[in-house]
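Below is the file input30.txt, which contains compact mmCIF, C-alpha atoms.
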# COMPACT_ATOMS: atom_id res chain seq x y z
CA MET A 1 74.06 -67.05 80.30
CA SER A 2 75.21 -63.46 79.89
CA SER A 3 72.55 -61.05 78.67
CA GLY A 4 75.15 -59.74 76.26
CA TYR A 5 74.72 -62.74 73.98
CA GLU A 6 72.28 -65.49 73.18
CA ILE A 7 72.65 -68.94 71.67
CA LEU A 8 69.89 -70.34 69.51
CA SER A 9 69.23 -73.32 67.27
CA LEU A 10 67.18 -72.50 64.19
CA ASP A 11 65.30 -75.72 64.97
CA ASP A 12 63.86 -73.97 68.02
CA LEU A 13 62.17 -71.28 65.93
CA PRO A 14 58.47 -71.90 65.28
CA ALA A 15 57.32 -71.87 61.64
CA TYR A 16 54.26 -69.71 60.99
CA GLU A 17 51.96 -69.79 58.01
CA SER A 18 51.33 -66.37 56.52
CA PRO A 19 48.33 -65.29 54.45
CA ASN A 20 50.58 -62.95 52.46
CA HIS A 21 53.43 -65.37 51.77
CA GLY A 22 51.76 -68.36 50.11
CA ASP A 23 53.27 -71.71 51.06
CA ALA A 24 56.36 -70.21 52.66
CA ARG A 25 56.41 -70.43 56.45
CA LEU A 26 58.12 -67.73 58.45
CA MET A 27 60.60 -68.64 61.19
CA PRO A 28 60.87 -65.25 62.91
CA LEU A 29 64.49 -64.66 63.85
CA ARG A 30 64.62 -60.84 63.98
CA SER A 31 61.96 -60.47 66.64
CA ARG A 32 63.22 -63.53 68.55
CA LEU A 33 66.70 -62.02 68.90
CA GLY A 34 65.68 -58.36 69.00
CA LEU A 35 67.93 -57.54 66.02
CA ARG A 36 68.29 -53.80 65.43
CA ALA A 37 71.06 -53.40 62.84
CA PHE A 38 69.60 -55.44 59.96
CA GLY A 39 66.66 -57.69 59.21
CA ALA A 40 67.08 -61.47 59.32
CA ASN A 41 64.41 -64.14 59.18
CA CYS A 42 64.29 -67.78 58.19
CA TRP A 43 61.85 -69.45 55.84
CA THR A 44 60.89 -73.06 55.37
CA ALA A 45 58.42 -74.90 53.11
CA GLU A 46 57.40 -78.39 52.12
CA THR A 47 59.25 -79.99 49.22
CA GLY A 48 58.16 -78.44 45.93
CA LYS A 49 56.53 -75.44 47.60
CA GLN A 50 57.60 -71.82 47.40
CA ILE A 51 60.06 -71.00 50.20
CA VAL A 52 60.86 -67.44 49.07
CA PRO A 53 57.70 -65.75 47.83
CA THR A 54 57.90 -63.96 44.47
CA HIS A 55 58.73 -60.32 45.15
CA GLU A 56 60.97 -57.45 44.14
CA GLU A 57 61.77 -55.96 47.58
CA ASP A 58 60.23 -52.56 46.90
CA SER A 59 61.32 -51.61 50.44
CA GLY A 60 64.71 -50.74 48.94
CA HIS A 61 66.44 -53.56 50.83
CA GLU A 62 69.26 -55.49 49.27
CA GLU A 63 69.06 -59.07 50.46
CA LEU A 64 71.28 -62.07 50.98
CA TYR A 65 69.64 -65.48 51.06
CA VAL A 66 71.57 -68.28 52.73
CA VAL A 67 70.50 -71.88 52.16
CA VAL A 68 71.21 -73.14 55.65
CA ARG A 69 69.84 -76.64 55.20
CA GLY A 70 68.35 -78.74 52.41
CA ARG A 71 68.19 -77.48 48.83
CA ALA A 72 66.27 -74.81 46.96
CA ARG A 73 65.74 -73.73 43.36
CA PHE A 74 66.08 -69.97 43.01
CA THR A 75 65.03 -67.65 40.23
CA LEU A 76 66.45 -64.13 40.10
CA GLY A 77 65.19 -62.17 37.15
CA ASP A 78 65.68 -64.48 34.14
CA GLU A 79 68.20 -66.75 35.87
CA THR A 80 67.17 -70.02 37.54
CA PHE A 81 69.68 -72.10 39.48
CA ASP A 82 70.03 -74.94 41.96
CA ALA A 83 71.04 -73.85 45.45
CA PRO A 84 72.21 -76.64 47.78
CA ALA A 85 72.95 -75.99 51.46
CA GLY A 86 75.76 -73.47 51.76
CA THR A 87 74.66 -71.39 48.77
CA LEU A 88 74.58 -67.60 49.20
CA VAL A 89 72.24 -65.67 46.89
CA HIS A 90 72.43 -61.89 46.56
CA ALA A 91 69.51 -59.84 45.27
CA ARG A 92 69.41 -56.08 44.91
CA ALA A 93 66.20 -54.13 45.42
CA GLY A 94 64.04 -54.28 42.32
CA THR A 95 65.20 -57.73 41.21
CA THR A 96 62.32 -60.17 41.04
CA ARG A 97 63.19 -63.26 43.03
CA GLU A 98 61.58 -66.48 44.23
CA ALA A 99 62.66 -69.90 45.44
CA PHE A 100 61.16 -73.36 45.87
CA ALA A 101 62.20 -75.93 48.46
CA GLU A 102 63.66 -79.03 46.81
CA GLU A 103 64.16 -81.13 49.94
CA ALA A 104 62.28 -81.72 53.19
CA GLY A 105 63.53 -79.54 56.03
CA THR A 106 65.01 -76.85 53.79
CA ILE A 107 65.73 -73.59 55.64
CA VAL A 108 66.61 -70.33 53.92
CA LEU A 109 67.90 -67.41 55.97
CA ALA A 110 67.05 -64.01 54.46
CA VAL A 111 69.12 -61.02 55.58
CA GLY A 112 68.25 -57.51 54.44
CA ALA A 113 68.65 -53.78 54.91
CA THR A 114 68.74 -50.65 52.75
CA PRO A 115 72.17 -49.31 51.70
CA GLY A 116 72.88 -45.89 53.14
CA GLU A 117 70.06 -46.02 55.68
CA ALA A 118 69.85 -47.08 59.31
CA PHE A 119 67.78 -50.26 59.55
CA GLU A 120 64.28 -49.92 60.91
CA ALA A 121 62.10 -52.99 61.41
CA GLN A 122 58.96 -52.64 59.32
CA GLY A 123 57.06 -55.03 61.55
CA TRP A 124 55.62 -57.22 58.78
CA ASP A 125 57.16 -60.26 60.45
CA ASP A 126 55.48 -59.38 63.75
CA VAL A 127 52.18 -59.10 61.88
CA VAL A 128 52.61 -62.62 60.45
CA VAL A 129 53.21 -63.95 63.96
CA ALA A 130 50.23 -62.01 65.38
CA PHE A 131 47.87 -63.37 62.73
CA ALA A 132 49.18 -66.90 63.28
CA GLU A 133 48.70 -66.55 67.05
CA ALA A 134 45.14 -65.33 66.54
CA THR A 135 44.37 -68.13 64.08
CA ALA A 136 45.53 -70.58 66.76
CA GLY A 137 43.09 -68.98 69.22
CA ASN A 138 45.46 -66.60 71.01
CA VAL A 139 43.66 -63.45 69.85
CA ASP A 140 44.67 -61.29 72.81
CA ARG A 141 48.34 -62.17 72.38
CA GLY A 142 48.10 -61.43 68.67
CA ARG A 143 46.36 -58.11 69.32
CA ALA A 144 49.05 -57.10 71.82
CA THR A 145 51.74 -57.76 69.19
CA MET A 146 49.78 -55.77 66.57
CA ARG A 147 49.50 -52.82 68.96
CA GLU A 148 53.22 -52.95 69.75
CA VAL A 149 53.97 -52.72 66.03
CA ALA A 150 51.54 -49.80 65.62
CA ALA A 151 53.06 -47.96 68.59
CA ARG A 152 56.53 -48.17 66.99
CA ASP A 153 55.31 -46.43 63.84
CA ALA A 154 52.47 -44.20 64.99
CA ASP A 155 52.50 -41.87 61.97
CA HIS A 156 52.28 -44.48 59.23
CA TRP A 157 49.04 -45.74 57.74
CA GLY A 158 50.18 -49.35 57.47
CA PRO A 159 50.06 -50.47 61.10
CA GLU A 160 46.57 -48.97 61.55
CA TYR A 161 45.42 -50.72 58.37
CA ASN A 162 46.88 -54.02 59.58
CA LEU A 163 45.13 -53.57 62.91
CA ALA A 164 41.87 -53.04 61.01
CA CYS A 165 42.49 -56.30 59.12
CA PHE A 166 43.29 -58.09 62.37
CA GLU A 167 40.12 -56.89 64.09
CA ALA A 168 38.01 -57.63 61.00
CA ARG A 169 39.23 -61.22 61.00
CA PHE A 170 39.53 -62.04 64.67
CA GLY A 171 38.08 -59.35 66.87
CA ASP A 172 35.98 -56.32 67.24
CA ARG A 173 34.05 -54.92 64.27
CA GLU A 174 33.84 -51.47 65.87
CA LEU A 175 37.61 -51.39 66.44
CA ALA A 176 38.14 -52.55 62.87
CA PHE A 177 36.32 -49.47 61.53
CA GLU A 178 38.12 -47.23 63.98
CA HIS A 179 41.51 -48.43 62.71
CA LEU A 180 40.38 -48.32 59.08
CA ARG A 181 39.29 -44.68 59.41
CA ALA A 182 42.59 -43.83 61.13
CA ALA A 183 44.54 -45.49 58.31
CA ALA A 184 42.46 -43.72 55.63
CA ALA A 185 43.05 -40.37 57.33
CA ARG A 186 46.83 -40.92 57.11
CA ASN A 187 47.00 -42.11 53.53
CA PRO A 188 43.65 -42.23 51.70
CA ASP A 189 45.11 -43.25 48.33
CA GLU A 190 47.01 -46.29 49.65
CA VAL A 191 44.05 -47.43 51.74
CA GLN A 192 41.64 -47.08 48.81
CA GLY A 193 43.95 -49.27 46.76
CA TYR A 194 43.70 -52.12 49.26
CA LEU A 195 40.10 -51.68 50.50
CA ARG A 196 38.37 -53.03 47.43
CA HIS A 197 40.24 -56.31 47.16
CA ASP A 198 41.65 -57.26 50.58
CA PRO A 199 40.01 -60.51 51.75
CA ASP A 200 40.98 -59.68 55.35
CA LEU A 201 38.20 -57.06 55.26
CA ASP A 202 35.46 -59.30 53.84
CA SER A 203 33.58 -59.39 57.14
CA LEU A 204 33.09 -55.63 56.94
CA ARG A 205 31.88 -55.31 53.36
CA ASP A 206 28.15 -55.56 54.10
CA ASP A 207 28.35 -52.73 56.63
CA PRO A 208 27.22 -49.28 55.35
CA ARG A 209 30.27 -47.76 57.05
CA PHE A 210 32.49 -49.76 54.71
CA GLN A 211 30.65 -48.39 51.68
CA GLU A 212 31.22 -44.86 53.01
CA LEU A 213 34.94 -45.53 53.16
CA VAL A 214 35.09 -46.81 49.58
CA ALA A 215 35.28 -43.62 47.56
CA MET B 1 77.29 -62.57 40.00
CA THR B 2 74.14 -63.45 41.93
CA HIS B 3 75.10 -66.56 43.85
CA VAL B 4 78.02 -68.56 45.15
CA HIS B 5 78.52 -71.64 47.25
CA VAL B 6 80.57 -71.09 50.40
CA ASP B 7 83.16 -73.58 49.09
CA GLU B 8 83.69 -71.32 46.05
CA LEU B 9 84.48 -68.22 48.13
CA ASP B 10 88.04 -66.90 48.14
CA ARG B 11 90.28 -68.26 50.91
CA ILE B 12 92.49 -65.68 52.56
CA GLU B 13 94.60 -67.23 55.30
CA LEU B 14 95.37 -64.79 58.07
CA PRO B 15 98.25 -64.93 60.52
CA GLU B 16 95.86 -65.57 63.44
CA GLY B 17 95.08 -69.04 62.03
CA PHE B 18 91.64 -68.48 60.57
CA VAL B 19 90.65 -68.27 56.93
CA TRP B 20 88.60 -65.30 55.80
CA ARG B 21 86.04 -66.11 53.11
CA PRO B 22 84.87 -62.70 51.87
CA VAL B 23 81.15 -62.48 51.16
CA ARG B 24 80.38 -58.75 51.39
CA ARG B 25 83.14 -57.85 48.95
CA ARG B 26 82.14 -60.69 46.62
CA PHE B 27 78.69 -59.19 46.09
CA ASP B 28 79.57 -55.57 47.01
CA ILE B 29 76.91 -55.63 49.71
CA ARG B 30 76.40 -52.12 51.11
CA ALA B 31 73.62 -52.58 53.66
CA PHE B 32 75.16 -54.88 56.28
CA GLY B 33 78.35 -56.74 57.05
CA VAL B 34 78.60 -60.42 56.12
CA ASN B 35 81.55 -62.76 55.83
CA ALA B 36 82.29 -66.44 56.24
CA TYR B 37 85.20 -68.02 58.09
CA SER B 38 86.78 -71.44 58.19
CA PRO B 39 89.67 -72.83 60.25
CA ARG B 40 93.04 -73.56 58.67
CA GLU B 41 92.60 -77.07 60.06
CA ALA B 42 90.53 -78.79 62.77
CA GLY B 43 91.36 -77.19 66.11
CA ALA B 44 92.40 -73.82 64.62
CA GLN B 45 90.74 -70.47 65.20
CA VAL B 46 87.64 -69.85 63.05
CA VAL B 47 86.45 -66.59 64.61
CA GLU B 48 89.16 -64.19 65.74
CA GLU B 49 89.18 -63.33 69.46
CA HIS B 50 87.81 -59.77 69.60
CA THR B 51 85.22 -57.37 70.92
CA GLU B 52 83.13 -54.99 68.82
CA GLN B 53 83.72 -52.00 71.09
CA GLN B 54 85.28 -49.94 68.31
CA LEU B 55 82.65 -50.53 65.62
CA GLU B 56 79.78 -51.15 68.09
CA HIS B 57 78.31 -53.82 65.84
CA GLU B 58 75.78 -56.38 66.97
CA GLU B 59 76.71 -59.68 65.38
CA ILE B 60 75.30 -63.08 64.52
CA TYR B 61 77.65 -66.05 64.08
CA LEU B 62 75.84 -68.91 62.38
CA VAL B 63 77.47 -72.32 62.01
CA LEU B 64 76.66 -73.44 58.47
CA ARG B 65 78.70 -76.65 58.57
CA GLY B 66 80.91 -78.59 60.97
CA ARG B 67 81.27 -77.71 64.64
CA ALA B 68 82.76 -74.73 66.44
CA ARG B 69 83.60 -74.09 70.08
CA PHE B 70 82.81 -70.47 70.92
CA THR B 71 84.28 -68.66 73.89
CA LEU B 72 82.08 -65.78 75.01
CA ASP B 73 83.40 -63.72 77.91
CA GLY B 74 85.26 -66.83 79.06
CA ALA B 75 82.32 -69.26 78.79
CA GLU B 76 82.62 -72.08 76.24
CA HIS B 77 79.74 -73.21 74.03
CA GLU B 78 79.95 -75.87 71.30
CA LEU B 79 77.71 -75.18 68.33
CA GLY B 80 76.78 -77.34 65.35
CA PRO B 81 75.09 -76.72 61.99
CA GLY B 82 72.03 -74.48 62.20
CA GLU B 83 73.04 -73.10 65.58
CA LEU B 84 73.99 -69.46 66.11
CA VAL B 85 75.19 -67.04 68.70
CA PHE B 86 73.82 -63.51 68.65
CA VAL B 87 76.15 -61.07 70.41
CA ARG B 88 74.14 -57.95 71.10
CA ASP B 89 76.65 -56.37 73.50
CA PRO B 90 79.75 -55.09 71.66
CA LYS B 91 81.79 -55.46 74.87
CA VAL B 92 81.48 -59.26 74.90
CA ARG B 93 84.83 -60.82 74.01
CA ARG B 94 84.15 -63.53 71.48
CA GLY B 95 86.10 -66.05 69.47
CA ALA B 96 85.72 -69.60 68.18
CA VAL B 97 87.77 -72.64 67.27
CA GLY B 98 86.69 -74.87 64.38
CA LEU B 99 86.43 -78.45 65.61
CA THR B 100 86.26 -80.00 62.14
CA ASP B 101 88.22 -79.22 58.96
CA ASP B 102 85.07 -78.32 57.06
CA THR B 103 83.62 -75.88 59.62
CA ILE B 104 82.07 -72.76 58.11
CA VAL B 105 80.83 -69.89 60.27
CA LEU B 106 78.83 -67.07 58.70
CA ALA B 107 79.17 -63.72 60.51
CA LEU B 108 76.60 -60.94 60.06
CA GLY B 109 76.95 -57.51 61.60
CA GLY B 110 75.96 -53.88 61.75
CA LYS B 111 75.58 -50.97 64.14
CA PRO B 112 72.04 -50.37 65.36
CA GLY B 113 70.65 -46.97 64.43
CA GLU B 114 73.27 -46.20 61.79
CA ALA B 115 73.64 -46.82 58.08
CA TYR B 116 76.18 -49.57 57.44
CA GLU B 117 79.65 -48.65 56.26
CA PRO B 118 82.09 -51.31 55.05
CA SER B 119 84.70 -51.97 57.74
CA ALA B 120 88.24 -50.81 57.01
CA TRP B 121 89.70 -54.13 58.19
CA GLU B 122 88.26 -55.83 55.09
CA ALA B 123 90.70 -53.96 52.83
CA MET B 124 93.55 -54.78 55.21
CA PHE B 125 92.62 -58.48 55.23
CA ALA B 126 92.15 -58.45 51.44
CA ALA B 127 95.66 -57.05 51.03
CA VAL B 128 97.31 -59.84 53.07
CA PRO B 129 98.01 -62.17 50.10
CA ALA B 130 99.52 -59.28 48.09
CA MET B 131 101.66 -58.27 51.08
CA GLU B 132 102.88 -61.83 51.53
CA ARG B 133 104.13 -61.96 47.95
CA GLU B 134 105.42 -58.37 48.32
CA ASP B 135 103.14 -57.15 45.54
CA TRP B 136 103.01 -53.62 46.95
CA ASP B 137 101.21 -52.15 43.93
CA GLU B 138 98.27 -54.51 44.49
CA ALA B 139 98.27 -53.94 48.27
CA ILE B 140 98.27 -50.17 47.65
CA ARG B 141 95.45 -50.49 45.11
CA LEU B 142 93.26 -52.38 47.62
CA HIS B 143 93.83 -49.70 50.26
CA GLU B 144 93.15 -46.86 47.83
CA GLU B 145 89.92 -48.57 46.80
CA ALA B 146 88.77 -48.64 50.45
CA LEU B 147 89.91 -45.05 51.01
CA ALA B 148 87.68 -43.91 48.13
CA ASP B 149 84.75 -44.81 50.43
CA GLN B 150 86.39 -43.65 53.68
CA PRO B 151 89.05 -41.06 52.74
CA GLU B 152 89.75 -39.95 56.31
CA HIS B 153 90.11 -43.36 57.93
CA PRO B 154 93.32 -43.16 60.02
CA ALA B 155 94.08 -46.90 60.14
CA LEU B 156 93.60 -47.25 56.37
CA LEU B 157 95.85 -44.23 55.73
CA TYR B 158 98.46 -45.65 58.10
CA ASN B 159 98.40 -49.05 56.41
CA LEU B 160 98.54 -47.43 52.99
CA ALA B 161 101.63 -45.54 54.13
CA CYS B 162 103.17 -48.85 55.25
CA MET B 163 102.57 -50.39 51.82
CA GLU B 164 103.91 -47.29 50.05
CA ALA B 165 107.04 -47.24 52.20
CA ARG B 166 107.66 -50.92 51.45
CA GLY B 167 107.00 -50.30 47.76
CA GLY B 168 109.45 -47.43 47.49
CA ARG B 169 106.88 -44.66 47.20
CA ARG B 170 108.56 -42.61 49.89
CA LEU B 171 106.82 -39.27 49.34
CA ASP B 172 103.32 -40.82 49.21
CA ALA B 173 104.16 -42.78 52.35
CA LEU B 174 105.19 -39.65 54.23
CA LEU B 175 102.08 -37.75 53.13
CA HIS B 176 99.66 -40.51 54.10
CA LEU B 177 101.42 -41.24 57.37
CA LYS B 178 101.31 -37.53 58.25
CA ARG B 179 97.57 -37.43 57.53
CA ALA B 180 96.96 -40.60 59.60
CA THR B 181 98.78 -39.13 62.59
CA GLU B 182 96.94 -35.81 62.24
CA LEU B 183 93.61 -37.66 62.36
CA ASP B 184 94.67 -39.94 65.23
CA PRO B 185 97.91 -39.17 67.12
CA LYS B 186 98.12 -42.76 68.43
CA TRP B 187 99.73 -43.65 65.10
CA ILE B 188 102.78 -41.49 65.92
CA ASP B 189 104.00 -44.03 68.49
CA ALA B 190 103.12 -46.95 66.24
CA ALA B 191 105.09 -45.45 63.35
CA ALA B 192 108.15 -44.91 65.53
CA LYS B 193 108.40 -48.69 66.10
CA ASP B 194 107.03 -49.98 62.78
CA SER B 195 109.64 -51.73 60.67
CA ASP B 196 107.62 -50.93 57.52
CA PHE B 197 108.89 -47.35 57.85
CA ALA B 198 112.58 -48.21 58.14
CA SER B 199 113.26 -46.67 54.73
CA ILE B 200 111.67 -43.29 55.55
CA ARG B 201 112.18 -42.89 59.29
CA ASP B 202 115.11 -40.49 58.82
CA GLU B 203 113.33 -38.35 56.26
CA PRO B 204 112.40 -34.78 57.20
CA GLY B 205 108.67 -34.67 57.96
CA PHE B 206 108.50 -38.15 59.48
CA PRO B 207 105.96 -37.77 62.32
CA GLY B 208 107.37 -37.85 65.78
Let's see the structure in the file written out as structure tokens.
Amino acid sequence: MSSGYEILSLDDLPAYESPNHGDARLMPLRSRLGLRAFGANCWTAETGKQIVPTHEEDSGHEELYVVVRGRARFTLGDETFDAPAGTLVHARAGTTREAFAEEAGTIVLAVGATPGEAFEAQGWDDVVVAFAEATAGNVDRGRATMREVAARDADHWGPEYNLACFEARFGDRELAFEHLRAAAARNPDEVQGYLRHDPDLDSLRDDPRFQELVA
Amino acid sequence: MTHVHVDELDRIELPEGFVWRPVRRRFDIRAFGVNAYSPREAGAQVVEEHTEQQLEHEEIYLVLRGRARFTLDGAEHELGPGELVFVRDPKVRRGAVGLTDDTIVLALGGKPGEAYEPSAWEAMFAAVPAMEREDWDEAIRLHEEALADQPEHPALLYNLACMEARGGRRLDALLHLKRATELDPKWIDAAAKDSDFASIRDEPGFPG
């Protein structure tokens, strides 16, 4: 096969549980293909479960959801509608949206990017995969993915914070504090907002160093 | 409008044998390119033979329904529902034939590292039905709408001039053709042979 193109069946994508996405399971397409021009990932869920988590896309992305297989029930703002396979659903940034799978094997493809801006992967999908890998026992593989994400966005607080969460849950307590301090140095207000309530950090809460970080 | 089923999308039959089902224009999507395609009948083209060397887009072609036989740099691959081809290299020549009447292929595209801009060909495709019924006012309107976003696009200006010449707007046609050839001189040769300009070719100021 030429390296200029790649053929893939969506059935070959693994489906990962995500602590931040409820019952929806991520089928990571963007990272699998190495997409650079727009974001695209698939989601699946058991019948009756949420397949598109409730959110407003505060990233600024406009999104197109494509029901590739099965059937879903979407809600956009105040509007709820049935979406059989072949339905295309458009949501602008700021519109609250969610969807529930109505049939077994339902797959929804979500495509997104911000109008007027070059697409940059935010890495949240890589983080889901890294946490799932670590949960399955592949902590080193998960850590490597987390560090790749952090290296792509070295100035932002988020990747350091996520690394702290990762280490708090699966790895090294000392590294967890190191990453937490680095995140707090970059954006103390954002980190304070998460510190108090994030269950990923529960293993650190009895440490005096954690109390020092909580303002 | 927040949602549509692919079967409810407009059907614009193009001379190459495939049917364009506009998605981006339907929702006025501004962040990435997305359109659906179906064949005129089983065995007809569903994805036009082309490369992306001009726009430098990376593209995904996802088969939503039916079956399609893709040809990628000469190699054939048959894809069914839920299967996709991701063409990361714009130089790859790609095209597909729909093997069933109901085949639907969804195409997604954009240029890495750059904000998306709607492709000029969409306005040209959208104008095909108006051109076929010789509704030049509507064809001109569709081109002017696209030029509002991309006022210096040579191919759009050239096509607008074609529509204006056919519609009897001789002065507008000359002005827009002149601008198109100033922006890209390749249109001078094209205009010399283009039958759309038969009515204005002898006018003073016709490029050449």
Original post:
Between B:Val63, B:Val92, B:Pro185, B:Gly167, which one has atoms that come closest to Ser199 (chain B), using all atoms listed in the file?
Top reply: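 Answer, going by the shortest atom-to-atom distance: B:Gly167.
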Original post:
Once you count only C-alpha atoms, which residues of chain B turn out to be within 6 Å of chain A? Could you give them as a list in words?
Top reply: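 Selected residues: Thr2, His3, Val4, His5, Val6, Arg30, Ala31, Gly82, Glu83, Leu84, Val85, Phe86, Val87, Arg88, Asp89, Gly110, Lys111, Pro112, Gly113, Glu114 and Ala115 of chain B.
The two atoms in question, CA of Ala130 (chain A) and CA of Leu195 (chain A), are spaced 20.8 Å apart.
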**OP:** Would you be able to write out as a list in words which residues have an atom within 9 Å of (84.5, -49.6, 57.3) in the file's coordinates, counting all atoms listed in the file?
**Re:**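 The requested residues, written out, are Leu55, Tyr116, Glu117, Pro118, Ser119, Ala120, Trp121, Glu122, Ala123, Ala146, Asp149, Gln150 and His153 of chain B.
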**OP:** May I have the residues within 8 Å of region 7-10 of chain B as number ranges by chain, using only C-alpha atoms and disregarding those fewer than 6 positions away in the same chain?
**Re:** A: 86; B: 20-23
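The space between CA of Tyr158 (chain B) and CA of His176 (chain B) spans 6.6 Å.
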**OP:** Excluding Ser38 (chain B) and any residue of its chain fewer than 4 positions from it, enumerate the residues within 9 Å of it, using only C-alpha atoms, and give them as a list of chain:residue names.
**Re:** B:Arg11, B:Phe18, B:Val19, B:Trp20, B:Arg21, B:Ala44, B:Gln45, B:Val46, B:Val47, B:Gly98, B:Asp101, B:Asp102, B:Thr103, B:Ile104, B:Val105
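Of the residues under consideration (A:Thr96, A:Thr44, A:Gln192, A:Asn162), A:Asn162 shows the shortest atom-to-atom contact distance to Trp124 (chain A) when counting all atoms listed in the file.
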Original post:
In terms of the shortest atom-to-atom distance over only C-alpha atoms, which of A:Ser59, A:Ser203, A:Thr80, A:Gln122 is closest to Ser31 (chain A)?
Top reply: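 Among the listed residues, the smallest separation from Ser31 (chain A) belongs to A:Gln122.
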Could you rebuild region 153-166 of chain B with N, CA and C atoms and give it back as a PDB file, in the coordinates of the input?
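Result file follows (selection.pdb):
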ATOM      1  N   HIS B 153      90.028 -42.273  56.955  1.00  0.00           N
ATOM      2  CA  HIS B 153      90.110 -43.360  57.930  1.00  0.00           C
ATOM      3  C   HIS B 153      91.573 -43.518  58.362  1.00  0.00           C
ATOM      4  N   PRO B 154      91.913 -43.186  59.612  1.00  0.00           N
ATOM      5  CA  PRO B 154      93.320 -43.160  60.020  1.00  0.00           C
ATOM      6  C   PRO B 154      94.042 -44.497  59.847  1.00  0.00           C
ATOM      7  N   ALA B 155      93.392 -45.603  60.226  1.00  0.00           N
ATOM      8  CA  ALA B 155      94.080 -46.900  60.140  1.00  0.00           C
ATOM      9  C   ALA B 155      94.343 -47.274  58.681  1.00  0.00           C
ATOM     10  N   LEU B 156      93.392 -46.959  57.800  1.00  0.00           N
ATOM     11  CA  LEU B 156      93.600 -47.250  56.370  1.00  0.00           C
ATOM     12  C   LEU B 156      94.738 -46.409  55.818  1.00  0.00           C
ATOM     13  N   LEU B 157      94.773 -45.114  56.205  1.00  0.00           N
ATOM     14  CA  LEU B 157      95.850 -44.230  55.730  1.00  0.00           C
ATOM     15  C   LEU B 157      97.202 -44.725  56.246  1.00  0.00           C
ATOM     16  N   TYR B 158      97.213 -45.147  57.498  1.00  0.00           N
ATOM     17  CA  TYR B 158      98.460 -45.650  58.100  1.00  0.00           C
ATOM     18  C   TYR B 158      98.934 -46.894  57.345  1.00  0.00           C
ATOM     19  N   ASN B 159      98.015 -47.830  57.130  1.00  0.00           N
ATOM     20  CA  ASN B 159      98.400 -49.050  56.410  1.00  0.00           C
ATOM     21  C   ASN B 159      98.838 -48.768  54.982  1.00  0.00           C
ATOM     22  N   LEU B 160      98.144 -47.815  54.344  1.00  0.00           N
ATOM     23  CA  LEU B 160      98.540 -47.430  52.990  1.00  0.00           C
ATOM     24  C   LEU B 160      99.975 -46.901  53.000  1.00  0.00           C
ATOM     25  N   ALA B 161     100.275 -46.081  54.020  1.00  0.00           N
ATOM     26  CA  ALA B 161     101.630 -45.540  54.130  1.00  0.00           C
ATOM     27  C   ALA B 161     102.651 -46.670  54.302  1.00  0.00           C
ATOM     28  N   CYS B 162     102.278 -47.684  55.080  1.00  0.00           N
ATOM     29  CA  CYS B 162     103.170 -48.850  55.250  1.00  0.00           C
ATOM     30  C   CYS B 162     103.471 -49.492  53.906  1.00  0.00           C
ATOM     31  N   MET B 163     102.406 -49.724  53.126  1.00  0.00           N
ATOM     32  CA  MET B 163     102.570 -50.390  51.820  1.00  0.00           C
ATOM     33  C   MET B 163     103.426 -49.517  50.901  1.00  0.00           C
ATOM     34  N   GLU B 164     103.178 -48.205  50.934  1.00  0.00           N
ATOM     35  CA  GLU B 164     103.910 -47.290  50.050  1.00  0.00           C
ATOM     36  C   GLU B 164     105.390 -47.238  50.442  1.00  0.00           C
ATOM     37  N   ALA B 165     105.647 -47.254  51.750  1.00  0.00           N
ATOM     38  CA  ALA B 165     107.040 -47.240  52.200  1.00  0.00           C
ATOM     39  C   ALA B 165     107.757 -48.509  51.741  1.00  0.00           C
ATOM     40  N   ARG B 166     107.059 -49.646  51.872  1.00  0.00           N
ATOM     41  CA  ARG B 166     107.660 -50.920  51.450  1.00  0.00           C
ATOM     42  C   ARG B 166     107.853 -50.959  49.939  1.00  0.00           C
TER      43      ARG B 166
END
